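Before any comments, here is the structure.
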Amino acid sequence: MKPPFRCLLTAGPTREHLDPVRFLSNGSSGRMGYALAAAAAARGWQIDLVSGPVALAAPAGATLHRVCSAAEMLAACEPLFPACDLFIAVAAVADYRPKESSAQKEKKRGGPVTLELVPTVDVLRTLAAARQPHQTIVGFAAETHDIEARARGKLADKRLDWIVANDVSQPGLGMNAEANAVLVLGAGGARHAFGPAPKAAVAAFILDQIAPGRGRPA
């Protein structure tokens, strides 16, 4: 019997805590990643969804792994990555974290505060560097300007097979929205645009481009 097609996805934001109640994060709702997980599960794929903090129910048919920080996201992905056929990094991972984090809530101070930040681990770059020949690696690029140029730069720099770019400066589209408009760019030169459309439709379109022949649900 042929083994199931295995897909690993990341979704949502990460949080980098200053103390137990304060953190650095972003406005990602997780809807795009969860829509992709649901669409992939509907095709009969085996899905592992590694998700940052979101207010969404686990998609039917997907195994959900909840994390908070970038480091936790990488730690959850690393044991799952070698067995996957397709890795889709949808999560909006925080780029920086506080150099120091307090175990107790910090008291409000009267004057300005200087916060020293250090880079978080690059989840996509780390996993892409450990890829096997049979694996397909897909990244996402949420940009506010020079959308295609910036996405193509990330595609080449991280040695991805595909990148999905979207303009998060547009009201009602992309981050923390119900709809999206995307540009799917392939390392071999493919270029496919889709939307605006509900994220469920966008998810189906993306999967059709990055995994052709893997079938759509009846």
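Simple scheme: letters A, B, ... for chains in structure tokens order, numbers from 1 for residues in each chain, numbers from 1 for ligands in the order shown.
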DSSP-assigned alpha helix (DSSP H) members of range 45-169 of chain A, reported as a list in words: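 Matching residues for alpha helix (DSSP H) in range 45-169 of chain A are Ala70, Ala71, Glu72, Met73, Leu74, Ala75, Ala76, Cys77, Val123, Leu124, Arg125, Thr126, Leu127, Ala128, Ile147, Glu148, Ala149, Arg150, Ala151, Arg152, Gly153, Lys154, Leu155, Ala156 and Asp157 of chain A.
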Applying 12 Å and only C-alpha atoms, which residues near Leu155 in chain A remain after dropping the ones on its own chain fewer than 2 positions away? List them as an mmCIF file with N, CA and C atoms, in the first residue's frame.
data_model
loop_
_atom_site.group_PDB
_atom_site.id
_atom_site.type_symbol
_atom_site.label_atom_id
_atom_site.label_comp_id
_atom_site.auth_asym_id
_atom_site.auth_seq_id
_atom_site.Cartn_x
_atom_site.Cartn_y
_atom_site.Cartn_z
ATOM 1 N N LEU A 124 12.309 28.600 8.718
ATOM 2 C CA LEU A 124 12.297 28.165 7.316
ATOM 3 C C LEU A 124 13.709 27.896 6.804
ATOM 4 N N ARG A 125 14.626 28.802 7.051
ATOM 5 C CA ARG A 125 15.990 28.624 6.568
ATOM 6 C C ARG A 125 16.640 27.373 7.187
ATOM 7 N N ALA A 128 14.967 24.237 5.606
ATOM 8 C CA ALA A 128 15.300 24.122 4.185
ATOM 9 C C ALA A 128 16.730 23.652 3.982
ATOM 10 N N ILE A 137 9.777 22.481 -0.672
ATOM 11 C CA ILE A 137 9.786 23.486 0.388
ATOM 12 C C ILE A 137 9.140 24.768 -0.125
ATOM 13 N N VAL A 138 8.155 25.254 0.625
ATOM 14 C CA VAL A 138 7.384 26.429 0.222
ATOM 15 C C VAL A 138 7.416 27.470 1.345
ATOM 16 N N GLY A 139 7.743 28.695 0.988
ATOM 17 C CA GLY A 139 7.724 29.790 1.951
ATOM 18 C C GLY A 139 6.637 30.787 1.626
ATOM 19 N N PHE A 140 6.402 31.696 2.551
ATOM 20 C CA PHE A 140 5.457 32.795 2.355
ATOM 21 C C PHE A 140 6.197 34.108 2.564
ATOM 22 N N ALA A 141 5.791 35.133 1.833
ATOM 23 C CA ALA A 141 6.378 36.457 1.974
ATOM 24 C C ALA A 141 5.260 37.484 2.080
ATOM 25 N N GLU A 148 6.898 41.496 -5.456
ATOM 26 C CA GLU A 148 7.481 40.403 -6.234
ATOM 27 C C GLU A 148 8.995 40.357 -6.096
ATOM 28 N N ALA A 149 9.650 41.502 -6.136
ATOM 29 C CA ALA A 149 11.113 41.532 -6.031
ATOM 30 C C ALA A 149 11.584 40.975 -4.690
ATOM 31 N N ARG A 150 10.920 41.373 -3.636
ATOM 32 C CA ARG A 150 11.304 40.891 -2.306
ATOM 33 C C ARG A 150 11.043 39.393 -2.168
ATOM 34 N N ALA A 151 9.921 38.945 -2.720
ATOM 35 C CA ALA A 151 9.608 37.519 -2.648
ATOM 36 C C ALA A 151 10.615 36.696 -3.450
ATOM 37 N N ARG A 152 10.978 37.170 -4.630
ATOM 38 C CA ARG A 152 11.960 36.437 -5.430
ATOM 39 C C ARG A 152 13.321 36.389 -4.728
ATOM 40 N N GLY A 153 13.660 37.458 -4.014
ATOM 41 C CA GLY A 153 14.903 37.454 -3.256
ATOM 42 C C GLY A 153 14.895 36.399 -2.167
ATOM 43 N N ASP A 157 17.337 33.228 -1.864
ATOM 44 C CA ASP A 157 18.217 33.238 -0.693
ATOM 45 C C ASP A 157 18.048 31.995 0.174
ATOM 46 N N LYS A 158 16.808 31.549 0.331
ATOM 47 C CA LYS A 158 16.555 30.400 1.201
ATOM 48 C C LYS A 158 16.467 29.088 0.423
ATOM 49 N N ARG A 159 16.689 29.172 -0.879
ATOM 50 C CA ARG A 159 16.719 27.993 -1.749
ATOM 51 C C ARG A 159 15.420 27.181 -1.651
ATOM 52 N N LEU A 160 14.319 27.896 -1.858
ATOM 53 C CA LEU A 160 13.000 27.284 -1.797
ATOM 54 C C LEU A 160 12.575 26.806 -3.184
ATOM 55 N N ASP A 161 11.568 25.946 -3.206
ATOM 56 C CA ASP A 161 10.975 25.529 -4.477
ATOM 57 C C ASP A 161 9.900 26.516 -4.924
ATOM 58 N N TRP A 162 9.156 27.033 -3.936
ATOM 59 C CA TRP A 162 8.074 27.973 -4.211
ATOM 60 C C TRP A 162 8.025 29.027 -3.111
ATOM 61 N N ILE A 163 7.486 30.178 -3.463
ATOM 62 C CA ILE A 163 7.165 31.178 -2.457
ATOM 63 C C ILE A 163 5.826 31.805 -2.809
ATOM 64 N N VAL A 164 5.023 32.053 -1.786
ATOM 65 C CA VAL A 164 3.705 32.664 -1.957
ATOM 66 C C VAL A 164 3.792 34.072 -1.382
ATOM 67 N N ALA A 165 3.626 35.069 -2.228
ATOM 68 C CA ALA A 165 3.753 36.459 -1.808
ATOM 69 C C ALA A 165 2.388 37.121 -1.736
ATOM 70 N N VAL A 184 2.127 33.298 -6.622
ATOM 71 C CA VAL A 184 2.867 32.065 -6.363
ATOM 72 C C VAL A 184 4.024 31.996 -7.354
ATOM 73 N N LEU A 185 5.242 32.040 -6.824
ATOM 74 C CA LEU A 185 6.447 32.081 -7.651
ATOM 75 C C LEU A 185 7.260 30.816 -7.460
ATOM 76 N N GLY A 186 7.690 30.213 -8.573
ATOM 77 C CA GLY A 186 8.480 28.985 -8.512
ATOM 78 C C GLY A 186 9.940 29.235 -8.822
ATOM 79 N N ALA A 187 10.794 28.386 -8.268
ATOM 80 C CA ALA A 187 12.233 28.524 -8.500
ATOM 81 C C ALA A 187 12.573 28.340 -9.977
ATOM 82 N N GLY A 188 11.731 27.608 -10.700
ATOM 83 C CA GLY A 188 11.963 27.392 -12.129
ATOM 84 C C GLY A 188 11.407 28.480 -13.013
ATOM 85 N N GLY A 189 10.849 29.542 -12.424
ATOM 86 C CA GLY A 189 10.338 30.666 -13.210
ATOM 87 C C GLY A 189 8.831 30.765 -13.281
#
Would you pick out the contacts of His145 in chain A at 10 Å or less, using only C-alpha atoms, so that residues sharing its chain but fewer than 6 positions from it are not included, and give the list as number ranges by chain? A: 166-169
Within 8 Å of Ala37 in chain A using only C-alpha atoms, minus same-chain residues under 4 positions, as a list in words: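 In the requested format, the answer is Leu9, Gly33, Ala41, Ile47, Leu49, Pro59 and Ala62 of chain A.
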Write out, as a CSV table (one decimal), in the first residue's frame, the residues just selected, with C-alpha atoms.
chain,number,residue,atom,x,y,z
A,9,LEU,CA,2.7,23.3,7.8
A,33,GLY,CA,-2.2,28.4,7.3
A,41,ALA,CA,-6.5,17.2,4.6
A,47,ILE,CA,-1.1,16.8,7.9
A,49,LEU,CA,0.1,21.7,11.6
A,59,PRO,CA,-8.8,21.7,10.9
A,62,ALA,CA,-5.0,17.6,10.8
Mind checking which residues fall within 8 Å of Met175 in chain A, counting only C-alpha atoms, ignoring those fewer than 2 positions away in the same chain, and posting them as a VMD selection string? chain A and resid 27 to 29 168 173 177
What does the distance from CA of Gln132 in chain A to CA of Leu86 in chain A come to in Å, to one decimal? 10.6 Å
If we count only C-alpha atoms and set the cut-off at 9 Å, which residues sit around Ser25 in chain A, ignoring sequence neighbours fewer than 2 positions away in its own chain? Please answer as an MDAnalysis selection string. chainID A and resid 13:17 23 27:28 92:94
Could you turn the residues from that selection into a file that holds C-alpha atoms, as a CSV table (one decimal), in the first residue's frame?
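Written out: result-v9.csv:
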chain,number,residue,atom,x,y,z
A,13,PRO,CA,2.2,34.3,14.7
A,14,THR,CA,4.8,33.5,17.3
A,15,ARG,CA,5.2,35.4,20.5
A,16,GLU,CA,8.5,36.4,22.1
A,17,HIS,CA,7.9,37.2,25.7
A,23,PHE,CA,5.4,39.9,24.3
A,27,GLY,CA,-1.2,40.6,13.5
A,28,SER,CA,-1.3,37.1,11.9
A,92,ALA,CA,4.5,34.8,10.5
A,93,VAL,CA,7.5,34.1,12.8
A,94,ALA,CA,8.7,37.1,14.9
Give me, as a PyMOL selection string, the residues of range 30-123 of chain A that a backbone DSSP run labels strand (DSSP E). chain A and resi 46-51+62-66+86-89+96-98+117-119
Nearest to Ala76 in chain A: which of A:Ala38, A:Leu8, A:Ala181, A:Val54 is it, counting only C-alpha atoms?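 For Ala76 in chain A, the nearest of the candidates is A:Leu8.
Of the residues under consideration (A:Ala83, A:Val182, A:Ala11, A:Ile206), A:Ala83 shows the shortest atom-to-atom contact distance to Arg131 in chain A when counting only C-alpha atoms.
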For each of A:His192, A:Arg6, A:Lys99, A:Lys105, take the minimum atom-to-atom distance to Asp208 in chain A, counting only C-alpha atoms, then give the residue where this is smallest. A:His192
